[in-house]
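Enquirer: Okay, so here is data.cif, and as you'll see once you scroll down, it has mmCIF, C-alpha atoms and all ligand atoms.
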```cif
data_data
#
loop_
_atom_site.label_atom_id
_atom_site.label_comp_id
_atom_site.auth_asym_id
_atom_site.auth_seq_id
_atom_site.Cartn_x
_atom_site.Cartn_y
_atom_site.Cartn_z
CA MET U 1 173.06 115.49 86.98
CA ASN U 2 171.33 115.27 90.35
CA ASN U 3 167.72 114.27 89.83
CA ASN U 4 166.66 114.38 93.47
CA LEU U 5 166.58 118.13 93.82
CA ASP U 6 162.83 118.28 94.49
CA LEU U 7 163.19 116.28 97.72
CA TYR U 8 165.93 118.71 98.78
CA SER U 9 163.54 121.57 98.01
CA LYS U 10 160.81 119.96 100.09
CA VAL U 11 163.01 119.60 103.19
CA GLU U 12 165.33 122.63 102.93
CA HIS U 13 163.41 124.58 105.60
CA LEU U 14 164.10 121.76 108.10
CA LEU U 15 167.87 121.85 107.64
CA GLY U 16 168.52 124.84 109.90
CA ILE U 17 170.43 126.79 107.25
CA ASP U 18 168.41 130.04 107.30
CA GLU U 19 170.94 132.07 109.33
CA ALA U 20 173.89 130.89 107.23
CA THR U 21 171.97 131.58 104.01
CA LYS U 22 171.17 135.12 105.16
CA HIS U 23 174.80 135.74 106.08
CA LEU U 24 176.05 134.42 102.74
CA HIS U 25 173.51 136.44 100.76
CA GLU U 26 174.65 139.62 102.53
CA LEU U 27 178.17 138.93 101.25
CA TYR U 28 176.85 138.58 97.68
CA VAL U 29 174.87 141.84 97.93
CA GLU U 30 177.86 143.73 99.37
CA THR U 31 180.25 142.37 96.75
CA LEU U 32 177.88 143.05 93.84
CA TYR U 33 177.60 146.63 95.04
CA ASN U 34 181.21 147.17 93.84
CA TYR U 35 180.30 146.40 90.24
CA GLU U 36 178.10 148.14 87.67
CA ILE U 37 175.43 145.47 87.45
CA LYS U 38 172.13 146.11 85.69
CA THR U 39 171.16 142.55 84.72
CA LEU U 40 171.76 139.38 86.72
CA LEU U 41 171.05 135.69 86.42
CA ASP U 42 170.72 133.73 89.67
CA LEU U 43 171.90 130.29 88.62
CA GLY U 44 170.48 127.75 91.07
CA CYS U 45 168.17 130.42 92.48
CA GLY U 46 166.32 128.05 94.81
CA ARG U 47 163.28 129.67 96.40
CA GLY U 48 164.55 133.13 95.35
CA ASP U 49 165.76 134.72 98.61
CA LEU U 50 168.80 136.36 96.99
CA MET U 51 166.87 137.60 93.94
CA GLU U 52 164.33 139.22 96.22
CA LYS U 53 167.13 141.06 98.07
CA LEU U 54 168.86 142.18 94.86
CA GLU U 55 165.75 143.59 93.24
CA LYS U 56 165.68 146.20 96.01
CA PHE U 57 169.03 147.42 94.64
CA ASP U 58 167.54 148.04 91.20
CA ILE U 59 169.13 145.03 89.55
CA ALA U 60 166.91 143.21 87.01
CA CYS U 61 167.09 139.59 88.19
CA GLU U 62 166.13 136.35 86.54
CA GLY U 63 166.63 132.94 88.07
CA ILE U 64 166.99 129.37 86.86
CA ASP U 65 166.97 126.14 88.83
CA LEU U 66 166.89 122.42 88.06
CA SER U 67 164.27 121.74 90.75
CA ALA U 68 160.75 122.36 89.46
CA LEU U 69 159.57 122.76 93.05
CA MET U 70 162.14 125.50 93.76
CA VAL U 71 161.11 127.33 90.57
CA GLN U 72 157.48 127.11 91.64
CA LYS U 73 158.36 128.56 95.09
CA ALA U 74 160.32 131.46 93.53
CA LYS U 75 157.52 132.21 91.04
CA SER U 76 154.93 132.24 93.81
CA ARG U 77 156.87 135.19 95.30
CA GLY U 78 156.49 137.11 92.02
CA LEU U 79 160.08 136.44 90.88
CA LYS U 80 161.15 135.61 87.31
CA ALA U 81 162.31 132.01 87.59
CA GLU U 82 162.51 129.20 85.07
CA PHE U 83 163.26 125.49 85.12
CA LYS U 84 166.27 125.51 82.81
CA SER U 85 169.92 124.51 82.69
CA ILE U 86 172.60 127.17 82.17
CA CYS U 87 173.39 125.65 78.76
CA GLU U 88 169.82 126.40 77.62
CA VAL U 89 170.04 130.12 78.46
CA GLU U 90 169.98 132.31 75.36
CA LYS U 91 170.35 135.78 76.89
CA THR U 92 173.49 137.37 78.32
CA TYR U 93 173.85 139.16 81.67
CA ASP U 94 176.22 141.57 83.46
CA ALA U 95 176.51 139.08 86.33
CA ILE U 96 175.73 135.47 87.13
CA VAL U 97 175.62 134.32 90.75
CA SER U 98 175.45 130.81 92.19
CA ALA U 99 175.02 131.08 95.95
CA PHE U 100 175.26 128.36 98.56
CA ASP U 101 177.02 125.34 97.09
CA VAL U 102 175.28 125.28 93.68
CA LEU U 103 178.55 124.38 91.89
CA ASN U 104 179.06 121.45 94.25
CA PHE U 105 175.93 119.92 92.73
CA VAL U 106 177.66 119.91 89.32
CA SER U 107 179.71 116.75 88.76
CA THR U 108 183.46 116.91 88.11
CA GLN U 109 182.76 115.55 84.63
CA GLU U 110 180.17 118.23 83.80
CA LEU U 111 182.03 121.18 85.33
CA GLU U 112 184.08 122.27 82.30
CA ASN U 113 181.05 122.40 80.02
CA PHE U 114 179.03 124.10 82.77
CA MET U 115 181.68 126.84 83.03
CA GLN U 116 181.68 127.29 79.24
CA CYS U 117 177.90 127.77 79.34
CA VAL U 118 178.29 130.35 82.13
CA HIS U 119 180.88 132.15 79.96
CA ASN U 120 178.50 132.13 76.96
CA SER U 121 175.76 133.73 79.09
CA LEU U 122 177.87 136.67 80.30
CA ASN U 123 178.24 140.09 78.67
CA ASP U 124 181.81 141.24 77.95
CA GLU U 125 183.67 141.66 81.26
CA GLY U 126 180.66 140.12 83.01
CA ILE U 127 181.26 138.52 86.39
CA PHE U 128 180.49 135.12 87.82
CA MET U 129 180.26 134.94 91.62
CA PHE U 130 179.91 131.68 93.53
CA ASP U 131 180.86 129.77 96.68
CA ILE U 132 181.93 126.16 97.08
CA ASN U 133 182.69 123.84 99.96
CA THR U 134 186.32 123.30 100.86
CA LEU U 135 187.64 119.82 101.69
CA HIS U 136 187.42 120.80 105.37
CA GLY U 137 183.81 121.93 104.84
CA PHE U 138 182.87 118.61 103.29
CA ALA U 139 184.79 116.29 105.62
CA ASN U 140 184.27 118.08 108.93
CA VAL U 141 181.12 120.14 108.61
CA ALA U 142 178.82 118.57 106.02
CA GLU U 143 179.54 114.93 106.88
CA GLY U 144 177.39 113.47 109.67
CA THR U 145 173.78 112.81 110.60
CA MET U 146 170.87 114.92 111.76
CA SER U 147 167.12 114.69 112.16
CA ALA U 148 164.36 117.28 112.30
CA GLU U 149 160.60 117.30 112.53
CA GLU U 150 157.56 119.49 112.24
CA ALA U 151 153.84 118.73 112.26
CA GLY U 152 153.28 115.75 109.96
CA MET U 153 156.92 115.54 108.79
CA PHE U 154 159.97 113.71 110.08
CA LEU U 155 163.33 113.98 108.31
CA SER U 156 166.59 112.14 108.77
CA VAL U 157 169.79 113.09 106.94
CA ASP U 158 172.90 110.93 106.67
CA ALA U 159 175.91 112.37 104.84
CA THR U 160 179.18 110.58 104.05
CA PHE U 161 182.20 112.13 102.33
CA GLU U 162 184.31 109.68 100.31
CA GLU U 163 186.56 110.07 97.28
CA ASN U 164 185.73 113.76 96.88
CA ARG U 165 181.97 113.17 96.90
CA LEU U 166 179.45 113.91 99.60
CA ASN U 167 176.58 111.44 99.43
CA THR U 168 173.65 112.78 101.44
CA GLN U 169 170.75 110.45 102.01
CA PHE U 170 167.48 112.20 102.83
CA THR U 171 164.67 110.11 104.35
CA LEU U 172 161.36 111.89 104.76
CA PHE U 173 158.26 110.52 106.50
CA GLU U 174 155.16 112.58 105.68
CA LYS U 175 151.80 112.03 107.34
CA GLU U 176 148.99 111.03 104.99
CA GLY U 177 145.81 110.41 106.95
CA GLU U 178 146.64 107.88 109.68
CA LEU U 179 149.76 106.62 107.90
CA TYR U 180 153.20 107.97 107.01
CA LYS U 181 154.53 108.00 103.43
CA LYS U 182 158.29 107.39 103.15
CA GLU U 183 160.41 109.16 100.51
CA GLN U 184 164.13 108.55 100.25
CA SER U 185 166.85 109.75 97.92
CA THR U 186 170.52 110.58 97.79
CA ILE U 187 171.99 113.84 96.58
CA VAL U 188 175.61 113.86 95.48
CA GLN U 189 177.83 116.91 95.90
CA TYR U 190 181.32 117.10 94.41
CA PHE U 191 184.48 118.72 95.76
CA HIS U 192 186.12 121.05 93.20
CA PRO U 193 189.68 122.29 93.85
CA LEU U 194 190.24 126.04 93.59
CA LYS U 195 192.99 125.52 91.03
CA PHE U 196 190.41 124.29 88.52
CA PHE U 197 188.86 127.80 88.48
CA LYS U 198 192.23 129.57 88.63
CA ASN U 199 193.40 127.69 85.54
CA LEU U 200 190.42 128.54 83.34
CA LYS U 201 191.70 130.38 80.26
CA ASN U 202 188.50 132.27 79.50
CA PHE U 203 188.06 133.76 82.99
CA LYS U 204 190.22 135.99 85.18
CA VAL U 205 190.08 135.55 88.97
CA VAL U 206 189.12 138.85 90.62
CA GLN U 207 188.51 137.54 94.13
CA SER U 208 189.15 134.25 95.82
CA ARG U 209 188.99 133.85 99.57
CA TYR U 210 187.98 131.45 102.29
CA LEU U 211 184.79 131.94 104.28
CA ASP U 212 184.03 130.83 107.83
CA LEU U 213 180.33 130.04 107.51
CA TYR U 214 179.83 127.23 110.03
CA ASP U 215 183.50 126.66 110.85
CA GLU U 216 186.90 128.07 109.94
CA LYS U 217 187.51 128.03 106.16
CA ASP U 218 184.61 125.68 105.38
CA LYS U 219 183.80 127.48 102.12
CA ALA U 220 185.55 129.44 99.39
CA PHE U 221 184.07 132.53 97.74
CA ILE U 222 185.16 133.26 94.19
CA VAL U 223 184.55 136.06 91.71
CA LEU U 224 185.60 135.51 88.09
CA LYS U 225 185.53 138.01 85.25
CA LYS U 226 184.89 136.95 81.65
CA ALA U 227 188.23 137.33 79.84
C1 LIG U 301 171.71 124.85 98.44
S1 LIG U 301 170.54 125.40 97.27
C2 LIG U 301 170.92 127.13 97.15
C3 LIG U 301 169.76 127.93 96.62
C4 LIG U 301 169.99 129.44 96.48
N1 LIG U 301 171.05 129.73 95.55
C5 LIG U 301 170.28 130.09 97.81
O1 LIG U 301 171.34 130.71 97.95
O2 LIG U 301 169.43 129.99 98.70
C6 LIG U 301 171.22 124.77 95.74
C7 LIG U 301 170.26 124.99 94.58
O3 LIG U 301 170.94 124.68 93.35
C8 LIG U 301 170.02 124.02 92.48
N2 LIG U 301 170.86 123.34 91.48
C9 LIG U 301 171.70 122.30 91.66
N3 LIG U 301 172.35 122.01 90.52
C10 LIG U 301 171.92 122.92 89.60
C11 LIG U 301 172.25 123.16 88.23
N4 LIG U 301 173.15 122.42 87.57
N5 LIG U 301 171.62 124.18 87.59
C12 LIG U 301 170.72 124.96 88.23
N6 LIG U 301 170.36 124.77 89.53
C13 LIG U 301 170.97 123.76 90.20
C14 LIG U 301 169.20 123.15 93.42
O4 LIG U 301 167.99 122.73 92.87
C15 LIG U 301 169.01 124.11 94.61
O5 LIG U 301 167.87 124.91 94.44
#
```
Spell out the structure here as structure tokens.
Ligand SMILES: C[S@@+](CC[C@H](N)C(=O)[O-])C[C@H]1O[C@@H](n2cnc3c(N)ncnc32)[C@H](O)[C@@H]1O
Expert:
Amino acid sequence: MNNNLDLYSKVEHLLGIDEATKHLHELYVETLYNYEIKTLLDLGCGRGDLMEKLEKFDIACEGIDLSALMVQKAKSRGLKAEFKSICEVEKTYDAIVSAFDVLNFVSTQELENFMQCVHNSLNDEGIFMFDINTLHGFANVAEGTMSAEEAGMFLSVDATFEENRLNTQFTLFEKEGELYKKEQSTIVQYFHPLKFFKNLKNFKVVQSRYLDLYDEKDKAFIVLKKA
């Protein structure tokens, strides 16, 4: 499990992903509109942008995230969010969504159990909707370096894709009085082939298509139905 998610939460607003996030969330809202969804769990809800959008469509949303800081941000917007793993969820929902790479944060080793826990948390015929990075997305879009700054904060990001893993090192300098405090950690994201999801016996694939978010076919969007 990634244990550096709070640093990601602290710097997310500096990564320049707001437009892409908005675009992706619109796709989730449009797709969900085709289903009869009354209850929804946002798995990896982050700061709660998608939940906030969905509540306007009369869907009762709850969110979970493994970053305490993200949960705090979502709660401060009046959203129902909890620091919890999917395997600790006791309720069931009509839909579970995991927007913007959440499944790439789950290791290859943990993925099967993760999917079983998603299955356990869905009502009969419930749907699970998520997006993941393609190999092209990891190797040609996510890999590389960038830096960003705002008053009292300087961030550098260095991402390398090797052996189906993207290792992203975040280095943050934050002003404290006259000095800067340095925080550094690496987040690992894992490539998952589409065939893994297509071969799951307890789910049926209802939609699977490539997305062009930053570049051609850099992500895949998948909707599974509990079988
Ligand atoms: C790129 S952010 C996306 C946040 C949000 N879904 C959105 O669309 O804006 C990925 C989120 O997944 C969370 N996360 C990563 N692994 C997780 C897991 N196994 N269970 C729950 N949340 C997880 C991270 O803490 C982070 O908030």
Enquirer: Could you give me, as a Markdown table, every region 4-68 of chain U residue with an atom at most 9 Å from region 177-190 of chain U, plus its closest atom pair and distance in Å to one decimal, counting all atoms listed in the file, rows ordered by chain then number?
Expert:
```
| residue | atom | partner | partner_atom | distance |
| --- | --- | --- | --- | --- |
| U:Asn4 | CA | U:Ile187 | CA | 6.2 |
| U:Leu5 | CA | U:Ile187 | CA | 7.4 |
| U:Leu7 | CA | U:Ser185 | CA | 7.5 |
| U:Tyr8 | CA | U:Ile187 | CA | 8.1 |
```
Enquirer: Using all atoms listed in the file, which residue out of U:Glu36, U:Glu88, U:Asp215, U:Glu174 lies closest to ligand LIG 301 (chain U)?
Expert: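 Checking each of U:Glu36, U:Glu88, U:Asp215, U:Glu174 against ligand LIG 301 (chain U), counting all atoms listed in the file, the winner is U:Glu88.
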Enquirer: Give me the residues near region 49-65 of chain U as a ChimeraX atom specification, where near means some atom within 12 Å (using only C-alpha atoms) and where sequence neighbours in that chain fewer than 6 positions away do not count.
Expert: /U:2-3,5-6,9,18,21-33,35-43,71-89,91-100,102,105
Enquirer: Calculate how many Å separate CA of Val223 (chain U) from CA of Ile132 (chain U), rounding to one decimal.
Expert: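 Answer for the CA of Val223 (chain U) to CA of Ile132 (chain U) separation: 11.6 Å.
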Enquirer: Report the distance between CA of Lys225 (chain U) and CA of His192 (chain U) in Å, rounded to one decimal place.
Expert: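 Interatomic distance here is 18.7 Å.
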Enquirer: Between U:Asn140, U:Asn123, U:Ser156, U:Thr108, which one has atoms that come closest to Phe196 (chain U), using only C-alpha atoms?
Expert: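 Among the listed residues, U:Thr108 lies closest to Phe196 (chain U).
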Enquirer: What's around Asn133 (chain U) at 12 Å? Count only C-alpha atoms, leave out sequence neighbours fewer than 2 positions away in its own chain, and write the answer as number ranges by chain.
Expert: U: 99-105, 130-131, 135-143, 161, 164-166, 189-194, 209-222
Enquirer: Got time to write the residues from that selection, C-alpha atoms, as a short mmCIF file (atom, residue, chain, number, x, y, z; two decimals), in the coordinates of the input?
Expert:
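result-v6.cif, freshly written:
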```cif
data_model
loop_
_atom_site.label_atom_id
_atom_site.label_comp_id
_atom_site.auth_asym_id
_atom_site.auth_seq_id
_atom_site.Cartn_x
_atom_site.Cartn_y
_atom_site.Cartn_z
CA ALA U 99 175.02 131.08 95.95
CA PHE U 100 175.26 128.36 98.56
CA ASP U 101 177.02 125.34 97.09
CA VAL U 102 175.28 125.28 93.68
CA LEU U 103 178.55 124.38 91.89
CA ASN U 104 179.06 121.45 94.25
CA PHE U 105 175.93 119.92 92.73
CA PHE U 130 179.91 131.68 93.53
CA ASP U 131 180.86 129.77 96.68
CA LEU U 135 187.64 119.82 101.69
CA HIS U 136 187.42 120.80 105.37
CA GLY U 137 183.81 121.93 104.84
CA PHE U 138 182.87 118.61 103.29
CA ALA U 139 184.79 116.29 105.62
CA ASN U 140 184.27 118.08 108.93
CA VAL U 141 181.12 120.14 108.61
CA ALA U 142 178.82 118.57 106.02
CA GLU U 143 179.54 114.93 106.88
CA PHE U 161 182.20 112.13 102.33
CA ASN U 164 185.73 113.76 96.88
CA ARG U 165 181.97 113.17 96.90
CA LEU U 166 179.45 113.91 99.60
CA GLN U 189 177.83 116.91 95.90
CA TYR U 190 181.32 117.10 94.41
CA PHE U 191 184.48 118.72 95.76
CA HIS U 192 186.12 121.05 93.20
CA PRO U 193 189.68 122.29 93.85
CA LEU U 194 190.24 126.04 93.59
CA ARG U 209 188.99 133.85 99.57
CA TYR U 210 187.98 131.45 102.29
CA LEU U 211 184.79 131.94 104.28
CA ASP U 212 184.03 130.83 107.83
CA LEU U 213 180.33 130.04 107.51
CA TYR U 214 179.83 127.23 110.03
CA ASP U 215 183.50 126.66 110.85
CA GLU U 216 186.90 128.07 109.94
CA LYS U 217 187.51 128.03 106.16
CA ASP U 218 184.61 125.68 105.38
CA LYS U 219 183.80 127.48 102.12
CA ALA U 220 185.55 129.44 99.39
CA PHE U 221 184.07 132.53 97.74
CA ILE U 222 185.16 133.26 94.19
#
```
Enquirer: Nearest residue to ligand LIG 301 (chain U) out of U:Asn167, U:Asn120, U:Ser107, U:Thr145, using all atoms listed in the file?
Expert: U:Ser107
Enquirer: Calculated over only C-alpha atoms and all ligand atoms, which of the candidates U:Lys10, U:Cys117, U:Gln207, U:Arg47 has the smallest distance to ligand LIG 301 (chain U)?
Expert: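 Checking each of U:Lys10, U:Cys117, U:Gln207, U:Arg47 against ligand LIG 301 (chain U), counting only C-alpha atoms and all ligand atoms, the winner is U:Arg47.
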Enquirer: Quick one: pull the distance between atom S1 of ligand LIG 301 (chain U) and CA of Lys201 (chain U), Å, one decimal.
Expert: 27.6 Å
Enquirer: Kindly compute an axis-aligned box around the listed atoms of region 93-99 of chain U, allowing 5 Å on each side, and express its centre and edge lengths in Å to one decimal as JSON.
Expert:
```
{"center_x": 175.2, "center_y": 136.2, "center_z": 88.8, "size_x": 12.7, "size_y": 20.8, "size_z": 24.3}
```
Enquirer: Between U:Ser121, U:Glu176, U:His13, U:Phe114, which is the closest to Met70 (chain U) once you count all atoms listed in the file?
Expert: U:His13
Enquirer: Determine, counting only C-alpha atoms, every residue of protein, DNA or RNA that lies within 9 Å of (152.6, 114.4, 114.6) in the file coordinates, then give the result as a count of residues only.
Expert: 7
Enquirer: Kindly indicate which residue among U:Leu66, U:Leu200, U:Leu15, U:Met146 lies nearest to ligand LIG 301 (chain U), using only C-alpha atoms and all ligand atoms for the distances.
Expert: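 Ranking U:Leu66, U:Leu200, U:Leu15, U:Met146 by distance to ligand LIG 301 (chain U), first place goes to U:Leu66.
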